[in-house]
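Next comes data.csv, a file with CSV, C-alpha atoms.
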chain,number,residue,atom,x,y,z
A,1,MET,CA,-38.4,-172.1,-54.3
A,2,ASP,CA,-36.7,-174.4,-56.8
A,3,SER,CA,-34.9,-177.1,-54.8
A,4,GLU,CA,-31.7,-176.8,-56.9
A,5,LEU,CA,-31.7,-173.0,-56.4
A,6,GLU,CA,-32.4,-173.4,-52.7
A,7,LYS,CA,-29.5,-175.9,-52.4
A,8,ALA,CA,-27.1,-173.6,-54.3
A,9,LEU,CA,-28.0,-170.6,-52.0
A,10,GLU,CA,-27.5,-172.8,-48.9
A,11,GLU,CA,-24.1,-173.9,-50.2
A,12,LYS,CA,-23.1,-170.3,-51.1
A,13,TYR,CA,-23.9,-168.9,-47.6
A,14,ALA,CA,-22.6,-172.0,-45.8
A,15,ALA,CA,-19.2,-171.4,-47.4
A,16,ILE,CA,-19.0,-168.0,-45.6
A,17,ASP,CA,-20.6,-169.2,-42.4
A,18,GLN,CA,-23.8,-167.3,-43.0
A,19,ASP,CA,-27.4,-168.1,-42.4
A,20,VAL,CA,-29.3,-168.3,-45.7
A,21,ASP,CA,-32.6,-167.5,-44.0
A,22,ALA,CA,-31.2,-164.2,-42.6
A,23,HIS,CA,-30.2,-163.1,-46.1
A,24,LEU,CA,-33.5,-164.1,-47.6
A,25,GLU,CA,-35.3,-162.1,-44.9
A,26,GLY,CA,-33.1,-159.2,-45.7
A,27,LEU,CA,-34.0,-159.5,-49.4
A,28,LEU,CA,-37.7,-159.4,-48.3
A,29,HIS,CA,-37.2,-155.9,-46.8
A,30,SER,CA,-34.9,-154.5,-49.4
A,31,LYS,CA,-36.0,-151.8,-51.8
A,32,PRO,CA,-36.3,-152.5,-55.6
A,33,LEU,CA,-33.3,-151.4,-57.6
A,34,ASN,CA,-33.5,-148.4,-60.0
A,35,TYR,CA,-31.1,-147.0,-62.5
A,36,TRP,CA,-30.3,-143.7,-60.8
A,37,ASP,CA,-29.4,-145.3,-57.4
A,38,TYR,CA,-27.4,-148.1,-59.0
A,39,ILE,CA,-25.4,-145.7,-61.2
A,40,GLN,CA,-25.3,-143.1,-58.4
A,41,THR,CA,-26.4,-140.5,-61.0
A,42,ASP,CA,-27.0,-137.6,-58.5
A,43,ALA,CA,-23.6,-138.1,-56.9
A,44,LEU,CA,-21.9,-138.3,-60.2
A,45,LEU,CA,-23.5,-135.1,-61.6
A,46,SER,CA,-22.7,-133.2,-58.4
A,47,LEU,CA,-18.9,-133.6,-58.9
A,48,GLN,CA,-18.4,-130.8,-61.4
A,49,VAL,CA,-17.2,-127.9,-59.2
A,50,GLN,CA,-16.0,-124.9,-61.3
A,51,ARG,CA,-13.4,-122.5,-60.1
A,52,THR,CA,-14.3,-119.8,-62.6
A,53,VAL,CA,-17.3,-118.3,-64.3
A,54,PHE,CA,-16.4,-119.6,-67.8
A,55,PRO,CA,-18.9,-122.1,-69.2
A,56,ASP,CA,-16.3,-124.2,-71.1
A,57,GLU,CA,-14.5,-125.0,-67.8
A,58,LYS,CA,-17.4,-127.5,-67.3
A,59,VAL,CA,-16.3,-129.2,-70.5
A,60,PHE,CA,-12.8,-129.4,-69.2
A,61,ILE,CA,-13.8,-130.9,-65.9
A,62,MET,CA,-16.2,-133.5,-67.2
A,63,TYR,CA,-13.8,-134.5,-70.0
A,64,HIS,CA,-11.1,-135.3,-67.5
A,65,GLN,CA,-13.5,-137.1,-65.1
A,66,ILE,CA,-14.7,-139.3,-68.0
A,67,SER,CA,-11.0,-140.0,-68.8
A,68,GLU,CA,-10.3,-141.1,-65.2
A,69,LEU,CA,-13.3,-143.5,-65.3
A,70,LEU,CA,-11.9,-145.0,-68.5
A,71,PHE,CA,-8.5,-145.3,-66.8
A,72,LYS,CA,-10.2,-147.2,-64.0
A,73,MET,CA,-11.7,-149.6,-66.5
A,74,ILE,CA,-8.3,-150.2,-68.0
A,75,LEU,CA,-6.7,-150.9,-64.7
A,76,SER,CA,-9.4,-153.4,-63.9
A,77,GLU,CA,-8.6,-155.3,-67.1
A,78,ILE,CA,-4.9,-155.2,-66.4
A,79,GLU,CA,-5.4,-156.4,-62.9
A,80,GLN,CA,-7.4,-159.4,-64.2
A,81,ILE,CA,-4.4,-160.4,-66.4
A,82,ALA,CA,-1.9,-159.9,-63.5
A,83,GLU,CA,-3.9,-162.0,-61.1
A,84,HIS,CA,-5.0,-164.8,-63.5
A,85,LYS,CA,-3.8,-168.2,-62.4
A,86,ALA,CA,-4.2,-170.0,-65.7
A,87,LEU,CA,-3.6,-167.3,-68.4
A,88,THR,CA,-4.1,-168.4,-72.0
A,89,THR,CA,-3.4,-166.6,-75.2
A,90,ALA,CA,-7.1,-166.3,-75.9
A,91,ILE,CA,-7.8,-164.6,-72.5
A,92,PHE,CA,-4.7,-162.4,-72.8
A,93,THR,CA,-5.6,-161.3,-76.4
A,94,ASP,CA,-9.2,-160.6,-75.4
A,95,LYS,CA,-8.2,-158.4,-72.4
A,96,ILE,CA,-5.5,-156.5,-74.4
A,97,MET,CA,-8.0,-155.7,-77.1
A,98,ARG,CA,-10.5,-154.5,-74.5
A,99,ILE,CA,-7.9,-152.2,-73.1
A,100,SER,CA,-7.0,-150.9,-76.6
A,101,ARG,CA,-10.7,-150.1,-77.3
A,102,TYR,CA,-10.8,-148.0,-74.1
A,103,PHE,CA,-7.7,-146.1,-75.4
A,104,ASP,CA,-9.3,-145.8,-78.9
A,105,VAL,CA,-12.2,-144.0,-77.1
A,106,LEU,CA,-9.7,-141.8,-75.2
A,107,THR,CA,-7.9,-141.0,-78.4
A,108,SER,CA,-10.9,-140.1,-80.5
A,109,SER,CA,-12.4,-138.1,-77.6
A,110,PHE,CA,-9.6,-135.5,-77.7
A,111,SER,CA,-11.7,-133.8,-80.4
A,112,ILE,CA,-14.0,-132.8,-77.6
A,113,MET,CA,-11.2,-131.0,-76.0
A,114,LYS,CA,-9.6,-129.7,-79.2
A,115,ASP,CA,-12.7,-128.5,-80.9
A,116,GLY,CA,-15.2,-128.3,-78.0
A,117,MET,CA,-13.8,-125.4,-76.0
A,118,ASP,CA,-13.4,-121.8,-76.8
A,119,VAL,CA,-9.6,-121.0,-77.0
A,120,ALA,CA,-10.0,-117.6,-75.4
A,121,GLN,CA,-12.0,-119.1,-72.5
A,122,TYR,CA,-9.5,-121.9,-71.9
A,123,ASN,CA,-6.5,-119.5,-71.8
A,124,LYS,CA,-8.3,-117.5,-69.1
A,125,PHE,CA,-9.6,-120.2,-66.9
A,126,ARG,CA,-6.5,-122.4,-67.1
A,127,LYS,CA,-4.6,-119.8,-65.2
A,128,THR,CA,-7.0,-120.4,-62.3
A,129,LEU,CA,-6.1,-124.1,-62.3
A,130,THR,CA,-2.4,-123.5,-61.6
A,131,PRO,CA,-0.6,-125.4,-60.1
A,132,GLY,CA,-2.9,-128.4,-60.8
A,133,SER,CA,-2.1,-130.3,-64.0
A,134,GLY,CA,-3.3,-133.4,-65.9
A,135,PHE,CA,0.3,-134.5,-65.5
A,136,GLN,CA,-0.9,-135.5,-62.0
A,137,SER,CA,-3.2,-138.3,-63.1
A,138,ALA,CA,-2.1,-141.1,-60.8
A,139,GLN,CA,-4.2,-143.7,-62.6
A,140,TYR,CA,-2.4,-143.1,-65.9
A,141,ARG,CA,0.9,-143.6,-64.2
A,142,LYS,CA,-0.4,-146.8,-62.8
A,143,ILE,CA,-1.4,-148.0,-66.2
A,144,GLU,CA,2.2,-147.4,-67.4
A,145,PHE,CA,3.6,-149.2,-64.4
A,146,ALA,CA,1.3,-152.2,-64.9
A,147,SER,CA,2.0,-152.4,-68.6
A,148,THR,CA,5.7,-152.8,-68.8
A,149,GLU,CA,9.0,-153.1,-66.9
A,150,LEU,CA,10.0,-150.0,-65.0
A,151,THR,CA,13.2,-149.8,-67.0
A,152,ASN,CA,11.1,-149.0,-70.2
A,153,LEU,CA,9.7,-145.9,-68.5
A,154,ILE,CA,13.0,-144.4,-67.5
A,155,ASP,CA,13.9,-141.0,-69.1
A,156,ASN,CA,15.7,-141.9,-72.4
A,157,ARG,CA,18.7,-139.9,-71.3
A,158,PHE,CA,19.3,-142.2,-68.3
A,159,ARG,CA,18.0,-145.6,-69.6
A,160,ASP,CA,21.4,-147.1,-70.0
A,161,THR,CA,22.3,-146.4,-66.4
A,162,ILE,CA,19.3,-148.2,-64.7
A,163,ASP,CA,18.4,-151.8,-64.8
A,164,ARG,CA,16.1,-154.2,-63.0
A,165,ASN,CA,18.5,-154.3,-60.1
A,166,SER,CA,18.3,-150.6,-59.4
A,167,SER,CA,16.3,-149.5,-56.4
A,168,TYR,CA,12.7,-148.4,-56.8
A,169,GLU,CA,13.7,-145.1,-55.3
A,170,ASN,CA,16.5,-144.5,-57.9
A,171,ALA,CA,14.3,-145.7,-60.8
A,172,PHE,CA,11.4,-143.5,-59.7
A,173,GLU,CA,13.7,-140.4,-59.6
A,174,HIS,CA,14.5,-141.0,-63.3
A,175,LEU,CA,11.1,-141.9,-64.8
A,176,TYR,CA,10.5,-140.1,-68.1
A,177,TRP,CA,7.7,-137.9,-66.8
A,178,GLN,CA,10.0,-136.4,-64.2
A,179,ALA,CA,11.3,-134.3,-67.1
A,180,ALA,CA,8.0,-132.4,-67.0
A,181,GLY,CA,8.8,-131.0,-63.6
A,182,LYS,CA,12.5,-131.5,-62.7
A,183,ASP,CA,15.7,-129.8,-63.5
A,184,TYR,CA,18.2,-132.7,-63.6
A,185,LYS,CA,21.2,-130.4,-63.3
A,186,THR,CA,20.1,-128.9,-60.0
A,187,GLY,CA,17.6,-131.6,-58.9
A,188,LYS,CA,15.0,-128.9,-58.3
A,189,LYS,CA,11.4,-129.9,-58.7
A,190,THR,CA,8.4,-127.8,-59.5
A,191,TYR,CA,5.7,-127.4,-56.9
A,192,THR,CA,3.4,-129.5,-59.2
A,193,LEU,CA,5.7,-132.4,-59.2
A,194,LYS,CA,6.5,-132.1,-55.4
A,195,THR,CA,2.8,-132.2,-54.4
A,196,PHE,CA,2.1,-135.1,-56.8
A,197,GLU,CA,4.9,-137.1,-55.2
A,198,ALA,CA,3.9,-136.2,-51.7
A,199,ARG,CA,0.4,-137.6,-52.5
A,200,TYR,CA,1.3,-140.7,-54.5
A,201,LYS,CA,5.0,-141.6,-54.4
A,202,ALA,CA,4.7,-144.2,-51.6
A,203,GLU,CA,1.6,-145.7,-53.2
A,204,PHE,CA,3.4,-145.8,-56.6
A,205,ILE,CA,6.3,-147.7,-55.1
A,206,ARG,CA,4.0,-150.3,-53.4
A,207,PHE,CA,2.1,-150.6,-56.7
A,208,THR,CA,5.3,-151.1,-58.8
A,209,LYS,CA,6.5,-153.8,-56.4
A,210,PHE,CA,3.5,-156.0,-57.2
A,211,TYR,CA,3.7,-155.3,-60.9
A,212,TYR,CA,7.5,-156.0,-61.0
A,213,GLN,CA,6.7,-159.5,-62.1
A,214,ASN,CA,3.0,-159.1,-62.9
A,215,ASN,CA,3.0,-156.3,-65.5
A,216,LEU,CA,1.7,-157.1,-69.0
A,217,TRP,CA,5.2,-157.5,-70.5
A,218,CYS,CA,6.3,-159.9,-67.8
A,219,LYS,CA,3.1,-161.9,-68.0
A,220,PHE,CA,3.6,-162.2,-71.8
A,221,LYS,CA,7.2,-163.4,-71.3
A,222,GLY,CA,6.0,-165.9,-68.7
A,223,LEU,CA,3.8,-167.7,-71.3
A,224,PRO,CA,5.0,-170.9,-72.9
A,225,GLU,CA,7.4,-170.2,-75.8
A,226,ALA,CA,4.8,-171.4,-78.3
A,227,ASP,CA,2.2,-169.0,-76.9
A,228,GLN,CA,4.6,-166.1,-77.2
A,229,LYS,CA,4.6,-166.7,-80.9
A,230,ASN,CA,0.8,-166.6,-81.2
A,231,ALA,CA,0.1,-164.2,-84.1
A,232,ASP,CA,-3.1,-162.8,-82.7
A,233,LEU,CA,-1.6,-162.1,-79.3
A,234,ILE,CA,1.4,-160.4,-80.8
A,235,LYS,CA,-0.8,-158.3,-83.0
A,236,ALA,CA,-2.9,-157.3,-80.0
A,237,MET,CA,0.2,-156.4,-77.9
A,238,ARG,CA,1.7,-154.3,-80.8
A,239,HIS,CA,-1.7,-152.6,-81.3
A,240,TYR,CA,-1.9,-151.7,-77.6
A,241,ASP,CA,1.6,-150.4,-77.5
A,242,TYR,CA,1.2,-148.2,-80.6
A,243,THR,CA,-2.3,-147.0,-79.5
A,244,VAL,CA,-1.1,-145.8,-76.1
A,245,ASN,CA,2.4,-144.6,-76.8
A,246,ILE,CA,1.8,-143.1,-80.3
A,247,LYS,CA,-1.9,-142.5,-81.1
A,248,TRP,CA,-3.2,-141.5,-77.7
A,249,VAL,CA,-0.1,-139.5,-76.8
A,250,MET,CA,-0.1,-137.6,-80.1
A,251,ALA,CA,-3.8,-136.8,-79.8
A,252,HIS,CA,-3.0,-135.4,-76.4
A,253,TYR,CA,0.0,-133.5,-77.8
A,254,THR,CA,-1.9,-132.0,-80.7
A,255,THR,CA,-4.7,-130.8,-78.4
A,256,ALA,CA,-2.3,-129.2,-76.0
A,257,ASN,CA,-0.5,-127.6,-78.9
A,258,HIS,CA,-3.8,-126.2,-80.2
A,259,TYR,CA,-4.3,-124.2,-77.0
A,260,LEU,CA,-0.7,-123.6,-75.8
A,261,ASN,CA,1.0,-122.6,-79.1
A,262,ILE,CA,0.0,-119.0,-79.1
A,263,GLY,CA,1.4,-116.8,-81.9
A,264,GLY,CA,4.2,-119.3,-82.5
A,265,HIS,CA,5.2,-119.3,-78.9
A,266,THR,CA,4.7,-122.4,-76.8
A,267,ALA,CA,3.2,-121.6,-73.5
A,268,GLU,CA,3.7,-123.6,-70.3
A,269,ALA,CA,1.0,-126.0,-69.4
A,270,THR,CA,-1.0,-125.6,-66.1
A,271,GLY,CA,1.3,-126.4,-63.2
A,272,GLY,CA,4.3,-125.1,-65.3
A,273,SER,CA,5.1,-128.6,-66.7
A,274,GLU,CA,7.5,-128.7,-69.7
A,275,TRP,CA,5.0,-130.8,-71.6
A,276,VAL,CA,6.8,-131.0,-74.9
A,277,LYS,CA,9.8,-132.7,-73.3
A,278,TYR,CA,7.9,-135.5,-71.8
A,279,MET,CA,4.9,-135.9,-74.0
A,280,HIS,CA,6.2,-136.3,-77.6
A,281,PRO,CA,7.1,-140.0,-78.2
A,282,LYS,CA,10.1,-139.2,-80.3
A,283,TYR,CA,11.9,-137.7,-77.3
A,284,GLN,CA,11.3,-140.4,-74.7
A,285,LYS,CA,10.6,-143.4,-76.9
A,286,ARG,CA,8.1,-144.9,-74.5
A,287,ILE,CA,7.6,-148.5,-75.7
A,288,PHE,CA,5.9,-151.1,-73.5
A,289,PHE,CA,6.9,-154.2,-75.5
A,290,PRO,CA,10.3,-153.4,-77.2
A,291,ASP,CA,11.0,-157.0,-78.3
A,292,LEU,CA,7.9,-157.1,-80.5
A,293,TRP,CA,9.2,-154.3,-82.7
A,294,THR,CA,11.9,-154.4,-85.4
A,295,GLU,CA,15.1,-152.3,-85.0
A,296,GLU,CA,13.9,-150.0,-87.7
A,297,GLU,CA,10.6,-149.5,-86.0
A,298,LEU,CA,12.3,-148.8,-82.7
A,299,ALA,CA,14.7,-146.3,-84.3
A,300,HIS,CA,11.9,-144.3,-85.9
A,301,TRP,CA,9.5,-144.5,-83.0
A,302,GLY,CA,7.5,-141.3,-82.8
A,303,HIS,CA,8.8,-139.8,-86.1
A,304,ASP,CA,6.5,-138.8,-88.9
A,305,VAL,CA,3.4,-138.8,-86.7
Kindly present the structure from the file in structure tokens form.
Amino acid sequence: MDSELEKALEEKYAAIDQDVDAHLEGLLHSKPLNYWDYIQTDALLSLQVQRTVFPDEKVFIMYHQISELLFKMILSEIEQIAEHKALTTAIFTDKIMRISRYFDVLTSSFSIMKDGMDVAQYNKFRKTLTPGSGFQSAQYRKIEFASTELTNLIDNRFRDTIDRNSSYENAFEHLYWQAAGKDYKTGKKTYTLKTFEARYKAEFIRFTKFYYQNNLWCKFKGLPEADQKNADLIKAMRHYDYTVNIKWVMAHYTTANHYLNIGGHTAEATGGSEWVKYMHPKYQKRIFFPDLWTEEELAHWGHDV
């Protein structure tokens, strides 16, 4: 063995109080790596469990599973920004553009859903999926929490009443996506929303406490003043904001409308969510980085798209 390599291995395992010889002997007995075991192909391909006999339900399942994998990739990139100890504009810009490219894939991939499923099949098998709903994607909610301050995710009707000093509990009850499953006059929540909160609410609150000062918008504002004026970084931040909150959302909206607007009547989504109220950007004006947009751009956010 090369002496420098041997020394490096000894230093690596000494740092964690491990015997390098034991690890080398373990390597001697290990099996060679192959693609299917590394990627866990068999496990991955066994996860498509249909609830109906319609072939296009498989498309629906796999599409959403692929989306969740992309969401996980996005969260990994955001986490690296949040935890970076010496963040530079070059690193920040590179990570933001990576995230945007993942969302570009998500946006363009909606054609698979829009043009890749039989409408008649979808409108039959979707009834079997009730009360489950794509609204219940916890990873997407985490992406939002990790991208901006919680106040920018408040339902537009209540945004002036909640600030950074509001409790997490109060802010959570007024997040924009609550409009998909909550009657604010009575406080009554749909079963879809109640089960979603039962599964994830405590986890979301823990998550938002970390990202209170570590979300992308806060990390940007924590950069030196000169870095906050970096043209490439600003361009990347605006691109990400627009890609997520206009392009991706509208691709989702258009696809949903393709299947749920039947004979001029807008049907409920699976789970009974009032999807138009919380999905279309012109209603909620979800904007991650508001100070990077002009007053005119903010006023017309989500219009003419």
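For the set A:Leu9, A:Val249, A:Ile39, A:Cys218, the residue with the smallest atom-to-atom gap to Ala22 in chain A is A:Leu9, counting all atoms listed in the file.
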Please identify all polymer residues within 10 Å of Glu10 in chain A, counting all atoms listed in the file, omitting same-chain residues fewer than 5 positions from it, and present them as a PyMOL selection string. chain A and resi 4-5+15+18-21
Could you give me, as a ChimeraX atom specification, the residues that sit within 10 Å of (1.1, -144.9, -67.9) in the file's coordinates, counting only C-alpha atoms? /A:71,137-148,153,177,244-245,286,288
Name the residues, using the chain letters and numbers of the file, that sit within 12 Å of (-8.0, -160.7, -76.7) when counting only C-alpha atoms, and give them as a PyMOL selection string. chain A and resi 77+81+87-101+230-237+239-240
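Using only C-alpha atoms, the smallest distance between any of A:Ser67, A:Ser109, A:Asn215, A:Tyr13 and Leu150 in chain A comes from A:Asn215.
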Name the residues in contact with Ala251 in chain A at a cut-off of 8 Å, using only C-alpha atoms, excluding same-chain residues fewer than 3 positions from it; report them as a VMD selection string. chain A and resid 107 to 108 110 247 to 248 254 to 255
Interatomic distance between CA of Asn257 in chain A and CA of Thr130 in chain A? 17.9 Å
Which polymer residues have any atom within 12 Å of an atom of Glu149 in chain A, counting all atoms listed in the file, with same-chain residues fewer than 3 positions away left out, as JSON, numbers by chain? {"A": [143, 144, 145, 146, 152, 153, 154, 162, 163, 164, 165, 168, 171, 175, 208, 209, 210, 211, 212, 213, 214, 215, 216, 217, 218, 219, 220, 221, 286, 287, 288, 289, 290]}
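Coordinates place CA of Met250 in chain A at a distance of 21.7 Å from CA of Glu295 in chain A.
Closest approach to Ala120 in chain A among A:Thr294, A:Asp56, A:Ala299, A:Tyr253: A:Asp56, based on only C-alpha atoms.
Between CA of Glu79 in chain A and CA of Trp293 in chain A there is a distance of 24.7 Å.
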Residue completion, range 191-216 of chain A, N, CA and C atoms, as a PDB file, keeping the file's coordinate frame:
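Result written to part21.pdb:
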ATOM      1  N   TYR A 191       6.663-127.196 -57.961  1.00  0.00           N
ATOM      2  CA  TYR A 191       5.700-127.400 -56.900  1.00  0.00           C
ATOM      3  C   TYR A 191       4.662-128.485 -57.356  1.00  0.00           C
ATOM      4  N   THR A 192       4.299-128.476 -58.640  1.00  0.00           N
ATOM      5  CA  THR A 192       3.400-129.500 -59.200  1.00  0.00           C
ATOM      6  C   THR A 192       3.877-130.869 -58.997  1.00  0.00           C
ATOM      7  N   LEU A 193       5.151-131.090 -59.308  1.00  0.00           N
ATOM      8  CA  LEU A 193       5.700-132.400 -59.200  1.00  0.00           C
ATOM      9  C   LEU A 193       5.884-132.786 -57.684  1.00  0.00           C
ATOM     10  N   LYS A 194       6.291-131.836 -56.854  1.00  0.00           N
ATOM     11  CA  LYS A 194       6.500-132.100 -55.400  1.00  0.00           C
ATOM     12  C   LYS A 194       5.184-132.531 -54.745  1.00  0.00           C
ATOM     13  N   THR A 195       4.098-131.829 -55.057  1.00  0.00           N
ATOM     14  CA  THR A 195       2.800-132.200 -54.400  1.00  0.00           C
ATOM     15  C   THR A 195       2.303-133.514 -54.940  1.00  0.00           C
ATOM     16  N   PHE A 196       2.545-133.795 -56.208  1.00  0.00           N
ATOM     17  CA  PHE A 196       2.100-135.100 -56.800  1.00  0.00           C
ATOM     18  C   PHE A 196       2.861-136.224 -56.103  1.00  0.00           C
ATOM     19  N   GLU A 197       4.154-136.065 -55.897  1.00  0.00           N
ATOM     20  CA  GLU A 197       4.900-137.100 -55.200  1.00  0.00           C
ATOM     21  C   GLU A 197       4.537-137.240 -53.756  1.00  0.00           C
ATOM     22  N   ALA A 198       4.259-136.123 -53.112  1.00  0.00           N
ATOM     23  CA  ALA A 198       3.900-136.200 -51.700  1.00  0.00           C
ATOM     24  C   ALA A 198       2.575-136.996 -51.544  1.00  0.00           C
ATOM     25  N   ARG A 199       1.687-136.868 -52.512  1.00  0.00           N
ATOM     26  CA  ARG A 199       0.400-137.600 -52.500  1.00  0.00           C
ATOM     27  C   ARG A 199       0.533-139.043 -52.882  1.00  0.00           C
ATOM     28  N   TYR A 200       1.358-139.343 -53.892  1.00  0.00           N
ATOM     29  CA  TYR A 200       1.300-140.700 -54.500  1.00  0.00           C
ATOM     30  C   TYR A 200       2.585-141.480 -54.519  1.00  0.00           C
ATOM     31  N   LYS A 201       3.717-140.901 -54.191  1.00  0.00           N
ATOM     32  CA  LYS A 201       5.000-141.600 -54.400  1.00  0.00           C
ATOM     33  C   LYS A 201       5.008-142.960 -53.630  1.00  0.00           C
ATOM     34  N   ALA A 202       4.651-142.962 -52.351  1.00  0.00           N
ATOM     35  CA  ALA A 202       4.700-144.200 -51.600  1.00  0.00           C
ATOM     36  C   ALA A 202       3.719-145.243 -52.170  1.00  0.00           C
ATOM     37  N   GLU A 203       2.562-144.773 -52.597  1.00  0.00           N
ATOM     38  CA  GLU A 203       1.600-145.700 -53.200  1.00  0.00           C
ATOM     39  C   GLU A 203       2.111-146.233 -54.529  1.00  0.00           C
ATOM     40  N   PHE A 204       2.783-145.384 -55.324  1.00  0.00           N
ATOM     41  CA  PHE A 204       3.400-145.800 -56.600  1.00  0.00           C
ATOM     42  C   PHE A 204       4.405-146.931 -56.360  1.00  0.00           C
ATOM     43  N   ILE A 205       5.248-146.737 -55.360  1.00  0.00           N
ATOM     44  CA  ILE A 205       6.300-147.700 -55.100  1.00  0.00           C
ATOM     45  C   ILE A 205       5.713-149.044 -54.673  1.00  0.00           C
ATOM     46  N   ARG A 206       4.677-149.023 -53.825  1.00  0.00           N
ATOM     47  CA  ARG A 206       4.000-150.300 -53.400  1.00  0.00           C
ATOM     48  C   ARG A 206       3.379-150.934 -54.683  1.00  0.00           C
ATOM     49  N   PHE A 207       2.782-150.131 -55.531  1.00  0.00           N
ATOM     50  CA  PHE A 207       2.100-150.600 -56.700  1.00  0.00           C
ATOM     51  C   PHE A 207       3.141-151.284 -57.674  1.00  0.00           C
ATOM     52  N   THR A 208       4.270-150.622 -57.890  1.00  0.00           N
ATOM     53  CA  THR A 208       5.300-151.100 -58.800  1.00  0.00           C
ATOM     54  C   THR A 208       5.936-152.414 -58.274  1.00  0.00           C
ATOM     55  N   LYS A 209       5.977-152.574 -56.961  1.00  0.00           N
ATOM     56  CA  LYS A 209       6.500-153.800 -56.400  1.00  0.00           C
ATOM     57  C   LYS A 209       5.688-155.004 -56.770  1.00  0.00           C
ATOM     58  N   PHE A 210       4.373-154.847 -56.763  1.00  0.00           N
ATOM     59  CA  PHE A 210       3.500-156.000 -57.200  1.00  0.00           C
ATOM     60  C   PHE A 210       3.656-156.207 -58.680  1.00  0.00           C
ATOM     61  N   TYR A 211       3.710-155.131 -59.462  1.00  0.00           N
ATOM     62  CA  TYR A 211       3.700-155.300 -60.900  1.00  0.00           C
ATOM     63  C   TYR A 211       5.160-155.533 -61.447  1.00  0.00           C
ATOM     64  N   TYR A 212       6.129-155.645 -60.545  1.00  0.00           N
ATOM     65  CA  TYR A 212       7.500-156.000 -61.000  1.00  0.00           C
ATOM     66  C   TYR A 212       7.527-157.246 -61.790  1.00  0.00           C
ATOM     67  N   GLN A 213       6.767-158.248 -61.345  1.00  0.00           N
ATOM     68  CA  GLN A 213       6.700-159.500 -62.100  1.00  0.00           C
ATOM     69  C   GLN A 213       5.316-159.801 -62.646  1.00  0.00           C
ATOM     70  N   ASN A 214       4.408-158.852 -62.477  1.00  0.00           N
ATOM     71  CA  ASN A 214       3.000-159.100 -62.900  1.00  0.00           C
ATOM     72  C   ASN A 214       2.546-158.090 -63.971  1.00  0.00           C
ATOM     73  N   ASN A 215       3.453-157.244 -64.481  1.00  0.00           N
ATOM     74  CA  ASN A 215       3.000-156.300 -65.500  1.00  0.00           C
ATOM     75  C   ASN A 215       2.774-157.092 -66.824  1.00  0.00           C
ATOM     76  N   LEU A 216       2.128-156.441 -67.772  1.00  0.00           N
ATOM     77  CA  LEU A 216       1.700-157.100 -69.000  1.00  0.00           C
ATOM     78  C   LEU A 216       2.895-157.725 -69.762  1.00  0.00           C
TER      79      LEU A 216
END
